[in-house]
>>> print(open('query07.pdb').read())   # PDB, C-alpha atoms
ATOM      1  CA  GLY A  28     118.211  94.414 114.031
ATOM      2  CA  ALA A  29     117.526  93.591 110.421
ATOM      3  CA  VAL A  30     118.323  96.288 107.891
ATOM      4  CA  VAL A  31     116.598  96.973 104.610
ATOM      5  CA  SER A  32     117.965  99.666 102.352
ATOM      6  CA  GLN A  33     116.377 101.465  99.421
ATOM      7  CA  HIS A  34     118.017 103.368  96.625
ATOM      8  CA  PRO A  35     117.532 106.095  95.734
ATOM      9  CA  SER A  36     116.033 107.780  98.781
ATOM     10  CA  TRP A  37     114.431 110.375  96.536
ATOM     11  CA  VAL A  38     114.148 110.883  92.807
ATOM     12  CA  ILE A  39     112.665 113.458  90.485
ATOM     13  CA  CYS A  40     111.849 112.439  86.937
ATOM     14  CA  LYS A  41     110.036 113.822  83.944
ATOM     15  CA  SER A  42     106.647 112.569  82.904
ATOM     16  CA  GLY A  43     106.897 109.630  80.501
ATOM     17  CA  THR A  44     110.210 108.317  81.750
ATOM     18  CA  SER A  45     110.856 105.179  83.803
ATOM     19  CA  VAL A  46     112.336 104.986  87.273
ATOM     20  CA  LYS A  47     113.868 101.993  89.024
ATOM     21  CA  ILE A  48     113.918 101.662  92.807
ATOM     22  CA  GLU A  49     116.122  99.089  94.503
ATOM     23  CA  CYS A  50     115.371  97.340  97.774
ATOM     24  CA  ARG A  51     118.063  95.310  99.520
ATOM     25  CA  SER A  52     118.049  93.240 102.676
ATOM     26  CA  LEU A  53     121.530  93.808 104.066
ATOM     27  CA  ASP A  54     121.864  91.278 106.869
ATOM     28  CA  PHE A  55     119.224  88.656 106.210
ATOM     29  CA  GLN A  56     117.691  86.774 103.338
ATOM     30  CA  ALA A  57     114.261  88.010 102.383
ATOM     31  CA  THR A  58     112.254  85.114 101.036
ATOM     32  CA  THR A  59     109.329  87.437 100.410
ATOM     33  CA  MET A  60     109.402  91.112  99.603
ATOM     34  CA  PHE A  61     106.541  93.563  99.637
ATOM     35  CA  TRP A  62     106.112  96.927  97.933
ATOM     36  CA  TYR A  63     103.911  99.631  99.430
ATOM     37  CA  ARG A  64     102.887 103.078  98.292
ATOM     38  CA  GLN A  65     101.972 105.954 100.580
ATOM     39  CA  PHE A  66     100.373 109.225  99.492
ATOM     40  CA  PRO A  67     100.632 112.318 101.732
ATOM     41  CA  LYS A  68      98.654 112.045 104.959
ATOM     42  CA  GLN A  69      97.492 108.549 104.047
ATOM     43  CA  SER A  70      98.361 105.085 105.245
ATOM     44  CA  LEU A  71     100.527 102.539 103.473
ATOM     45  CA  MET A  72      98.857 100.629 100.671
ATOM     46  CA  LEU A  73     100.258  97.277  99.600
ATOM     47  CA  MET A  74     101.006  97.179  95.890
ATOM     48  CA  ALA A  75     102.487  93.720  95.386
ATOM     49  CA  THR A  76     104.111  90.710  96.979
ATOM     50  CA  SER A  77     107.031  88.860  95.452
ATOM     51  CA  ASN A  78     108.879  85.681  96.260
ATOM     52  CA  GLU A  79     112.428  85.143  95.099
ATOM     53  CA  GLY A  80     112.480  83.753  91.582
ATOM     54  CA  SER A  81     108.729  83.992  91.090
ATOM     55  CA  LYS A  82     106.407  86.477  89.471
ATOM     56  CA  ALA A  83     104.973  89.115  91.752
ATOM     57  CA  THR A  84     101.383  89.027  92.939
ATOM     58  CA  TYR A  85      99.730  92.409  92.536
ATOM     59  CA  GLU A  86      96.935  93.836  94.652
ATOM     60  CA  GLN A  87      93.672  94.704  93.010
ATOM     61  CA  GLY A  88      93.851  97.944  91.109
ATOM     62  CA  VAL A  89      97.644  97.958  90.726
ATOM     63  CA  GLU A  90      98.766  97.807  87.094
ATOM     64  CA  LYS A  91     101.358  95.089  86.728
ATOM     65  CA  ASP A  92     102.577  96.438  83.391
ATOM     66  CA  LYS A  93     103.191  99.836  84.906
ATOM     67  CA  PHE A  94     104.844  98.729  88.127
ATOM     68  CA  LEU A  95     107.377  96.070  87.200
ATOM     69  CA  ILE A  96     108.735  94.074  90.108
ATOM     70  CA  ASN A  97     111.764  91.827  89.958
ATOM     71  CA  HIS A  98     112.931  89.686  92.873
ATOM     72  CA  ALA A  99     116.012  88.071  91.399
ATOM     73  CA  SER A 100     117.757  87.125  94.615
ATOM     74  CA  LEU A 101     117.085  86.698  98.315
ATOM     75  CA  THR A 102     118.572  90.112  99.013
ATOM     76  CA  LEU A 103     117.404  92.273  96.127
ATOM     77  CA  SER A 104     114.080  93.357  94.704
ATOM     78  CA  THR A 105     113.461  96.172  92.260
ATOM     79  CA  LEU A 106     110.387  98.215  91.415
ATOM     80  CA  THR A 107     110.330  99.973  88.053
ATOM     81  CA  VAL A 108     107.701 102.622  87.482
ATOM     82  CA  THR A 109     107.277 102.739  83.719
ATOM     83  CA  SER A 110     106.053 105.779  81.831
ATOM     84  CA  ALA A 111     105.689 107.693  85.067
ATOM     85  CA  HIS A 112     103.052 110.396  85.390
ATOM     86  CA  PRO A 113     102.534 113.070  88.067
ATOM     87  CA  GLU A 114      99.871 110.928  89.753
ATOM     88  CA  ASP A 115     102.568 108.307  90.401
ATOM     89  CA  SER A 116     104.341 110.771  92.672
ATOM     90  CA  SER A 117     104.358 109.065  96.052
ATOM     91  CA  PHE A 118     106.446 107.533  98.827
ATOM     92  CA  TYR A 119     107.386 103.956  97.877
ATOM     93  CA  ILE A 120     108.376 101.598 100.678
ATOM     94  CA  CYS A 121     109.622  98.051 100.438
ATOM     95  CA  SER A 122     109.822  95.400 103.113
ATOM     96  CA  GLY A 123     111.396  91.996 103.366
ATOM     97  CA  SER A 124     110.253  88.989 105.324
ATOM     98  CA  GLY A 125     112.944  86.719 106.631
ATOM     99  CA  LEU A 126     114.790  85.378 109.616
ATOM    100  CA  ALA A 127     117.011  88.002 111.235
ATOM    101  CA  GLY A 128     118.648  86.672 114.363
ATOM    102  CA  VAL A 129     115.964  84.776 116.232
ATOM    103  CA  ARG A 130     113.009  86.617 114.833
ATOM    104  CA  TYR A 131     111.213  86.014 111.547
ATOM    105  CA  GLU A 132     109.471  89.241 110.756
ATOM    106  CA  GLN A 133     108.760  91.825 108.120
ATOM    107  CA  TYR A 134     111.369  94.598 108.059
ATOM    108  CA  PHE A 135     110.833  97.849 106.227
ATOM    109  CA  GLY A 136     113.137 100.012 104.179
ATOM    110  CA  PRO A 137     113.396 103.788 104.675
ATOM    111  CA  GLY A 138     111.311 104.578 101.609
ATOM    112  CA  THR A 139     111.871 106.328  98.285
ATOM    113  CA  ARG A 140     110.144 109.590  97.505
ATOM    114  CA  LEU A 141     109.272 109.831  93.821
ATOM    115  CA  THR A 142     108.281 113.129  92.252
ATOM    116  CA  VAL A 143     107.175 113.135  88.638
ATOM    117  CA  THR A 144     107.150 116.533  86.940
TER     118      THR A 144
ATOM    119  CA  ASP B  16      92.417  89.791 108.162
ATOM    120  CA  ALA B  17      90.412  91.425 110.953
ATOM    121  CA  LYS B  18      89.907  95.180 110.945
ATOM    122  CA  THR B  19      91.196  97.375 113.715
ATOM    123  CA  THR B  20      89.945 100.640 115.179
ATOM    124  CA  GLN B  21      92.290 103.189 116.715
ATOM    125  CA  PRO B  22      91.814 106.771 117.878
ATOM    126  CA  PRO B  23      93.153 109.147 115.222
ATOM    127  CA  SER B  24      95.376 111.081 117.593
ATOM    128  CA  MET B  25      96.708 111.223 121.142
ATOM    129  CA  ASP B  26      98.972 113.494 123.154
ATOM    130  CA  CYS B  27     101.389 112.450 125.860
ATOM    131  CA  ALA B  28     103.762 114.406 128.068
ATOM    132  CA  GLU B  29     107.402 113.445 127.843
ATOM    133  CA  GLY B  30     108.402 111.022 130.566
ATOM    134  CA  ARG B  31     104.887 109.767 131.087
ATOM    135  CA  ALA B  32     103.488 106.449 129.897
ATOM    136  CA  ALA B  33     101.703 106.470 126.561
ATOM    137  CA  ASN B  34      98.813 104.026 126.354
ATOM    138  CA  LEU B  35      97.567 103.451 122.821
ATOM    139  CA  PRO B  36      94.336 101.459 122.502
ATOM    140  CA  CYS B  37      93.209  99.263 119.649
ATOM    141  CA  ASN B  38      89.932  97.465 119.075
ATOM    142  CA  HIS B  39      89.871  94.287 117.021
ATOM    143  CA  SER B  40      86.544  92.754 117.930
ATOM    144  CA  THR B  41      86.442  90.417 114.899
ATOM    145  CA  ILE B  42      89.854  88.890 115.462
ATOM    146  CA  SER B  43      90.127  85.186 114.713
ATOM    147  CA  GLY B  44      91.796  82.575 116.865
ATOM    148  CA  ASN B  45      94.834  82.296 114.578
ATOM    149  CA  GLU B  46      95.388  86.038 114.165
ATOM    150  CA  TYR B  47      98.153  87.855 115.957
ATOM    151  CA  VAL B  48      98.180  91.495 117.049
ATOM    152  CA  TYR B  49     101.095  93.512 115.682
ATOM    153  CA  TRP B  50     102.187  97.049 116.391
ATOM    154  CA  TYR B  51     104.323  99.128 114.065
ATOM    155  CA  ARG B  52     105.126 102.807 114.111
ATOM    156  CA  GLN B  53     106.102 105.239 111.391
ATOM    157  CA  ILE B  54     108.094 108.329 112.133
ATOM    158  CA  HIS B  55     107.565 111.076 109.588
ATOM    159  CA  SER B  56     108.934 110.240 106.125
ATOM    160  CA  GLN B  57     110.477 106.953 107.241
ATOM    161  CA  GLY B  58     109.569 103.307 106.788
ATOM    162  CA  PRO B  59     107.508 101.569 109.470
ATOM    163  CA  GLN B  60     109.336 100.117 112.455
ATOM    164  CA  TYR B  61     108.289  96.896 114.159
ATOM    165  CA  ILE B  62     107.479  97.334 117.833
ATOM    166  CA  ILE B  63     105.917  94.212 119.260
ATOM    167  CA  HIS B  64     103.387  91.468 118.601
ATOM    168  CA  GLY B  65     101.381  88.905 120.547
ATOM    169  CA  LEU B  66      98.710  86.246 120.296
ATOM    170  CA  LYS B  67      96.952  86.174 123.657
ATOM    171  CA  ASN B  68      99.539  86.646 126.381
ATOM    172  CA  ASN B  69     100.879  90.021 127.393
ATOM    173  CA  GLU B  70     104.263  90.753 125.876
ATOM    174  CA  THR B  71     107.125  93.074 126.782
ATOM    175  CA  ASN B  72     110.320  93.984 125.010
ATOM    176  CA  GLU B  73     112.856  96.776 125.131
ATOM    177  CA  MET B  74     110.535  99.173 123.344
ATOM    178  CA  ALA B  75     107.071  98.578 124.741
ATOM    179  CA  SER B  76     104.528  96.358 126.429
ATOM    180  CA  LEU B  77     101.476  94.850 124.784
ATOM    181  CA  ILE B  78      98.414  94.107 126.862
ATOM    182  CA  ILE B  79      95.765  91.928 125.184
ATOM    183  CA  THR B  80      92.384  91.474 126.840
ATOM    184  CA  GLU B  81      91.270  87.996 127.750
ATOM    185  CA  ASP B  82      88.641  87.920 125.002
ATOM    186  CA  ARG B  83      91.292  89.266 122.571
ATOM    187  CA  LYS B  84      88.907  91.886 121.248
ATOM    188  CA  SER B  85      91.154  94.761 122.181
ATOM    189  CA  SER B  86      94.713  95.537 123.124
ATOM    190  CA  THR B  87      96.845  98.382 124.454
ATOM    191  CA  LEU B  88     100.361  99.319 123.499
ATOM    192  CA  ILE B  89     102.245 100.907 126.365
ATOM    193  CA  LEU B  90     105.336 103.055 125.939
ATOM    194  CA  PRO B  91     106.451 103.265 129.576
ATOM    195  CA  HIS B  92     108.405 106.533 129.403
ATOM    196  CA  ALA B  93     107.575 108.414 126.237
ATOM    197  CA  THR B  94     110.191 110.715 124.715
ATOM    198  CA  LEU B  95     109.972 113.264 121.931
ATOM    199  CA  ARG B  96     111.465 110.651 119.593
ATOM    200  CA  ASP B  97     108.390 108.497 120.112
ATOM    201  CA  THR B  98     106.275 111.017 118.203
ATOM    202  CA  ALA B  99     104.969 108.950 115.290
ATOM    203  CA  VAL B 100     101.944 107.242 113.780
ATOM    204  CA  TYR B 101     101.292 103.936 115.521
ATOM    205  CA  TYR B 102      99.594 101.144 113.625
ATOM    206  CA  CYS B 103      97.792  98.222 115.199
ATOM    207  CA  ILE B 104      97.488  95.344 112.740
ATOM    208  CA  VAL B 105      96.029  91.880 113.062
ATOM    209  CA  ARG B 106      97.130  89.156 110.715
ATOM    210  CA  VAL B 107      97.098  85.434 110.350
ATOM    211  CA  GLY B 108     100.053  83.344 111.231
ATOM    212  CA  GLY B 109     102.410  85.421 113.333
ATOM    213  CA  THR B 110     106.067  84.579 113.503
ATOM    214  CA  GLY B 111     107.462  82.474 110.698
ATOM    215  CA  THR B 112     105.050  83.496 107.999
ATOM    216  CA  ALA B 113     105.220  85.988 105.192
ATOM    217  CA  SER B 114     101.581  87.045 105.314
ATOM    218  CA  LYS B 115     100.963  90.610 104.272
ATOM    219  CA  LEU B 116     100.350  93.487 106.652
ATOM    220  CA  THR B 117      97.276  95.631 106.085
ATOM    221  CA  PHE B 118      97.774  99.098 107.495
ATOM    222  CA  GLY B 119      94.847 101.115 108.783
ATOM    223  CA  THR B 120      94.906 104.817 109.582
ATOM    224  CA  GLY B 121      96.735 104.417 112.893
ATOM    225  CA  THR B 122      97.052 106.758 115.867
ATOM    226  CA  ARG B 123      99.174 109.848 115.590
ATOM    227  CA  LEU B 124     100.971 110.172 118.932
ATOM    228  CA  GLN B 125     102.373 113.575 119.768
ATOM    229  CA  VAL B 126     104.790 113.636 122.689
ATOM    230  CA  THR B 127     105.188 117.086 124.180
ATOM    231  CA  LEU B 128     107.523 118.734 126.682
TER     232      LEU B 128
END
>>> encode(input="query07.pdb", output="structure tokens")
Amino acid sequence: GAVVSQHPSWVICKSGTSVKIECRSLDFQATTMFWYRQFPKQSLMLMATSNEGSKATYEQGVEKDKFLINHASLTLSTLTVTSAHPEDSSFYICSGSGLAGVRYEQYFGPGTRLTVT
Amino acid sequence: DAKTTQPPSMDCAEGRAANLPCNHSTISGNEYVYWYRQIHSQGPQYIIHGLKNNETNEMASLIITEDRKSSTLILPHATLRDTAVYYCIVRVGGTGTASKLTFGTGTRLQVTL
């Protein structure tokens, strides 16, 4: 099956600093990547959609200047949380859409747990 | 995309079939039914999807009613490792598209000994 990795798997940072999360599709090319956020006991909420080489499209209510998304290649997307605050503490999950074997689907990474102190 | 309604939680004994229902009464003709699951603190895992015919793969079976207003995901022999939150999602396009997935609250399935 298709594999999506995220790095780091967890990170703790101080309030006011920036954190970068990497998302890689290891065995397929992800033409579109998605970033989700999940707070405890809640469902996944889509933050933004990005296509390789294009600017990301953000969902309503998501600050594009705070959550910087770069999708520089078909296998790598990054999410940078700038000037992080405790309320940004959450589980961030990426997914990539692409053809893996015979199936074109959306495959999810394992998630990154961010804690801002 | 159409909304879905799922029971918040279900229990199932290990070894028995788990039948997870989903209502999607406002589904459109070009919307597919997808099922994903999320084991605690992990990313969602694709299970199965279908348009109008019943589907089966190595993980599960998907039964879609003739009017397409509801569906049932069947795990034929549930194990403790199947304990997870199961999400039923309808979206336009199906295979070959990059349309976004909108997650609802899902059903928390607890498999017990």
>>> closest_residue(input="query07.pdb", among="A:Met60, A:Met74, A:Ile39, A:Ile48", to="Ser100 in chain A", atoms="all atoms listed in the file")
A:Met60
>>> interface_residues(input="query07.pdb", of="chain A", to="chain B", cutoff="7 Å", atoms="all atoms listed in the file", output="VMD selection string")
chain A and resid 59 70 to 71 120 124 131 to 132 135 to 138
>>> closest_residue(input="query07.pdb", among="A:Val31, A:Val46, A:Cys121, A:Leu106", to="Leu141 in chain A", atoms="only C-alpha atoms")
A:Val46
>>> residues_around(input="query07.pdb", residues="Gln125 in chain B", least_positions_apart="4", cutoff="12 Å", atoms="all atoms listed in the file", output="JSON, numbers by chain")
{"B": [23, 24, 25, 26, 27, 28, 29, 33, 35, 54, 55, 93, 94, 95, 96, 97, 98, 99, 100, 101]}
>>> closest_residue(input="query07.pdb", among="A:Gln65, A:Ser42, A:Thr84, A:Thr102", to="Arg140 in chain A", atoms="all atoms listed in the file")
A:Gln65
>>> resolve_selection(input="query07.pdb", expression="the PyMOL selection byres ((chain B and resi 88) around 12)", output="PDB file with C-alpha atoms, keeping the file's coordinate frame")
ATOM      1  CA  GLN B  21      92.290 103.189 116.715  1.00  0.00           C
ATOM      2  CA  ALA B  32     103.488 106.449 129.897  1.00  0.00           C
ATOM      3  CA  ALA B  33     101.703 106.470 126.561  1.00  0.00           C
ATOM      4  CA  ASN B  34      98.813 104.026 126.354  1.00  0.00           C
ATOM      5  CA  LEU B  35      97.567 103.451 122.821  1.00  0.00           C
ATOM      6  CA  PRO B  36      94.336 101.459 122.502  1.00  0.00           C
ATOM      7  CA  CYS B  37      93.209  99.263 119.649  1.00  0.00           C
ATOM      8  CA  ASN B  38      89.932  97.465 119.075  1.00  0.00           C
ATOM      9  CA  VAL B  48      98.180  91.495 117.049  1.00  0.00           C
ATOM     10  CA  TYR B  49     101.095  93.512 115.682  1.00  0.00           C
ATOM     11  CA  TRP B  50     102.187  97.049 116.391  1.00  0.00           C
ATOM     12  CA  TYR B  51     104.323  99.128 114.065  1.00  0.00           C
ATOM     13  CA  ARG B  52     105.126 102.807 114.111  1.00  0.00           C
ATOM     14  CA  ILE B  62     107.479  97.334 117.833  1.00  0.00           C
ATOM     15  CA  ILE B  63     105.917  94.212 119.260  1.00  0.00           C
ATOM     16  CA  HIS B  64     103.387  91.468 118.601  1.00  0.00           C
ATOM     17  CA  GLY B  65     101.381  88.905 120.547  1.00  0.00           C
ATOM     18  CA  ASN B  69     100.879  90.021 127.393  1.00  0.00           C
ATOM     19  CA  GLU B  70     104.263  90.753 125.876  1.00  0.00           C
ATOM     20  CA  THR B  71     107.125  93.074 126.782  1.00  0.00           C
ATOM     21  CA  ASN B  72     110.320  93.984 125.010  1.00  0.00           C
ATOM     22  CA  MET B  74     110.535  99.173 123.344  1.00  0.00           C
ATOM     23  CA  ALA B  75     107.071  98.578 124.741  1.00  0.00           C
ATOM     24  CA  SER B  76     104.528  96.358 126.429  1.00  0.00           C
ATOM     25  CA  LEU B  77     101.476  94.850 124.784  1.00  0.00           C
ATOM     26  CA  ILE B  78      98.414  94.107 126.862  1.00  0.00           C
ATOM     27  CA  ILE B  79      95.765  91.928 125.184  1.00  0.00           C
ATOM     28  CA  THR B  80      92.384  91.474 126.840  1.00  0.00           C
ATOM     29  CA  SER B  85      91.154  94.761 122.181  1.00  0.00           C
ATOM     30  CA  SER B  86      94.713  95.537 123.124  1.00  0.00           C
ATOM     31  CA  THR B  87      96.845  98.382 124.454  1.00  0.00           C
ATOM     32  CA  ILE B  89     102.245 100.907 126.365  1.00  0.00           C
ATOM     33  CA  LEU B  90     105.336 103.055 125.939  1.00  0.00           C
ATOM     34  CA  PRO B  91     106.451 103.265 129.576  1.00  0.00           C
ATOM     35  CA  ALA B  93     107.575 108.414 126.237  1.00  0.00           C
ATOM     36  CA  TYR B 101     101.292 103.936 115.521  1.00  0.00           C
ATOM     37  CA  TYR B 102      99.594 101.144 113.625  1.00  0.00           C
ATOM     38  CA  CYS B 103      97.792  98.222 115.199  1.00  0.00           C
ATOM     39  CA  ILE B 104      97.488  95.344 112.740  1.00  0.00           C
ATOM     40  CA  THR B 122      97.052 106.758 115.867  1.00  0.00           C
ATOM     41  CA  LEU B 124     100.971 110.172 118.932  1.00  0.00           C
TER      42      LEU B 124
END
>>> atom_distance(input="query07.pdb", atom1="CA of Phe118 in chain A", atom2="CA of Ser77 in chain A")
19.0 Å
>>> closest_residue(input="query07.pdb", among="A:Thr44, A:Thr144, A:Ser52, A:Gln87", to="Ser104 in chain A", atoms="only C-alpha atoms")
A:Ser52
>>> atom_distance(input="query07.pdb", atom1="CA of Gly125 in chain A", atom2="CA of Ala57 in chain A")
4.6 Å
>>> decode(input="query07.pdb", residues="range 72-104 of chain B", atoms="N, CA and C atoms", output="compact mmCIF listing (two decimals), in the first residue's frame")
# COMPACT_ATOMS: atom_id res chain seq x y z
N ASN B 72 -13.42 -6.15 -0.23
CA ASN B 72 -11.97 -6.28 -0.37
C ASN B 72 -11.45 -7.08 0.81
N GLU B 73 -10.14 -7.07 0.98
CA GLU B 73 -9.54 -7.90 2.01
C GLU B 73 -9.87 -7.42 3.42
N MET B 74 -10.31 -6.20 3.55
CA MET B 74 -10.61 -5.66 4.87
C MET B 74 -12.08 -5.76 5.25
N ALA B 75 -12.96 -5.47 4.29
CA ALA B 75 -14.37 -5.32 4.63
C ALA B 75 -15.26 -5.47 3.41
N SER B 76 -16.56 -5.44 3.70
CA SER B 76 -17.57 -5.39 2.64
C SER B 76 -18.40 -4.13 2.82
N LEU B 77 -18.84 -3.58 1.72
CA LEU B 77 -19.68 -2.38 1.74
C LEU B 77 -20.98 -2.70 1.04
N ILE B 78 -22.07 -2.55 1.78
CA ILE B 78 -23.39 -2.79 1.24
C ILE B 78 -24.10 -1.45 1.09
N ILE B 79 -24.49 -1.10 -0.12
CA ILE B 79 -25.18 0.17 -0.38
C ILE B 79 -26.61 -0.16 -0.80
N THR B 80 -27.58 0.49 -0.18
CA THR B 80 -28.97 0.23 -0.51
C THR B 80 -29.27 0.68 -1.93
N GLU B 81 -30.34 0.14 -2.47
CA GLU B 81 -30.66 0.42 -3.87
C GLU B 81 -30.91 1.90 -4.12
N ASP B 82 -31.53 2.58 -3.15
CA ASP B 82 -31.78 4.01 -3.31
C ASP B 82 -30.56 4.84 -2.94
N ARG B 83 -29.50 4.20 -2.47
CA ARG B 83 -28.22 4.82 -2.12
C ARG B 83 -28.32 5.78 -0.95
N LYS B 84 -29.39 5.72 -0.19
CA LYS B 84 -29.53 6.64 0.92
C LYS B 84 -28.88 6.13 2.20
N SER B 85 -28.43 4.92 2.19
CA SER B 85 -27.71 4.41 3.35
C SER B 85 -26.77 3.30 2.92
N SER B 86 -25.84 2.99 3.80
CA SER B 86 -24.90 1.92 3.53
C SER B 86 -24.47 1.28 4.84
N THR B 87 -23.86 0.11 4.73
CA THR B 87 -23.36 -0.61 5.90
C THR B 87 -21.97 -1.14 5.60
N LEU B 88 -21.07 -0.85 6.50
CA LEU B 88 -19.72 -1.42 6.42
C LEU B 88 -19.72 -2.67 7.28
N ILE B 89 -19.23 -3.75 6.71
CA ILE B 89 -19.20 -5.02 7.45
C ILE B 89 -17.76 -5.49 7.61
N LEU B 90 -17.35 -5.64 8.86
CA LEU B 90 -16.08 -6.30 9.17
C LEU B 90 -16.44 -7.73 9.54
N PRO B 91 -16.12 -8.71 8.71
CA PRO B 91 -16.69 -10.05 8.87
C PRO B 91 -16.29 -10.76 10.16
N HIS B 92 -15.07 -10.57 10.61
CA HIS B 92 -14.60 -11.22 11.84
C HIS B 92 -13.77 -10.20 12.62
N ALA B 93 -14.45 -9.43 13.42
CA ALA B 93 -13.77 -8.33 14.11
C ALA B 93 -12.73 -8.85 15.10
N THR B 94 -11.60 -8.14 15.17
CA THR B 94 -10.57 -8.45 16.16
C THR B 94 -10.33 -7.21 17.01
N LEU B 95 -9.58 -7.38 18.08
CA LEU B 95 -9.31 -6.26 18.97
C LEU B 95 -8.63 -5.11 18.22
N ARG B 96 -7.85 -5.46 17.18
CA ARG B 96 -7.15 -4.44 16.41
C ARG B 96 -8.07 -3.61 15.54
N ASP B 97 -9.33 -4.03 15.43
CA ASP B 97 -10.30 -3.25 14.67
C ASP B 97 -10.94 -2.15 15.51
N THR B 98 -10.61 -2.09 16.79
CA THR B 98 -11.12 -1.01 17.63
C THR B 98 -10.60 0.33 17.10
N ALA B 99 -11.53 1.20 16.72
CA ALA B 99 -11.15 2.46 16.06
C ALA B 99 -12.40 3.31 15.88
N VAL B 100 -12.19 4.52 15.38
CA VAL B 100 -13.31 5.36 14.95
C VAL B 100 -13.46 5.18 13.44
N TYR B 101 -14.67 4.84 13.02
CA TYR B 101 -14.94 4.58 11.61
C TYR B 101 -15.72 5.75 11.02
N TYR B 102 -15.23 6.27 9.93
CA TYR B 102 -15.84 7.42 9.28
C TYR B 102 -16.45 7.02 7.94
N CYS B 103 -17.68 7.40 7.77
CA CYS B 103 -18.39 7.23 6.50
C CYS B 103 -18.40 8.62 5.84
N ILE B 104 -17.93 8.70 4.63
CA ILE B 104 -17.80 9.98 3.95
C ILE B 104 -18.34 9.84 2.53
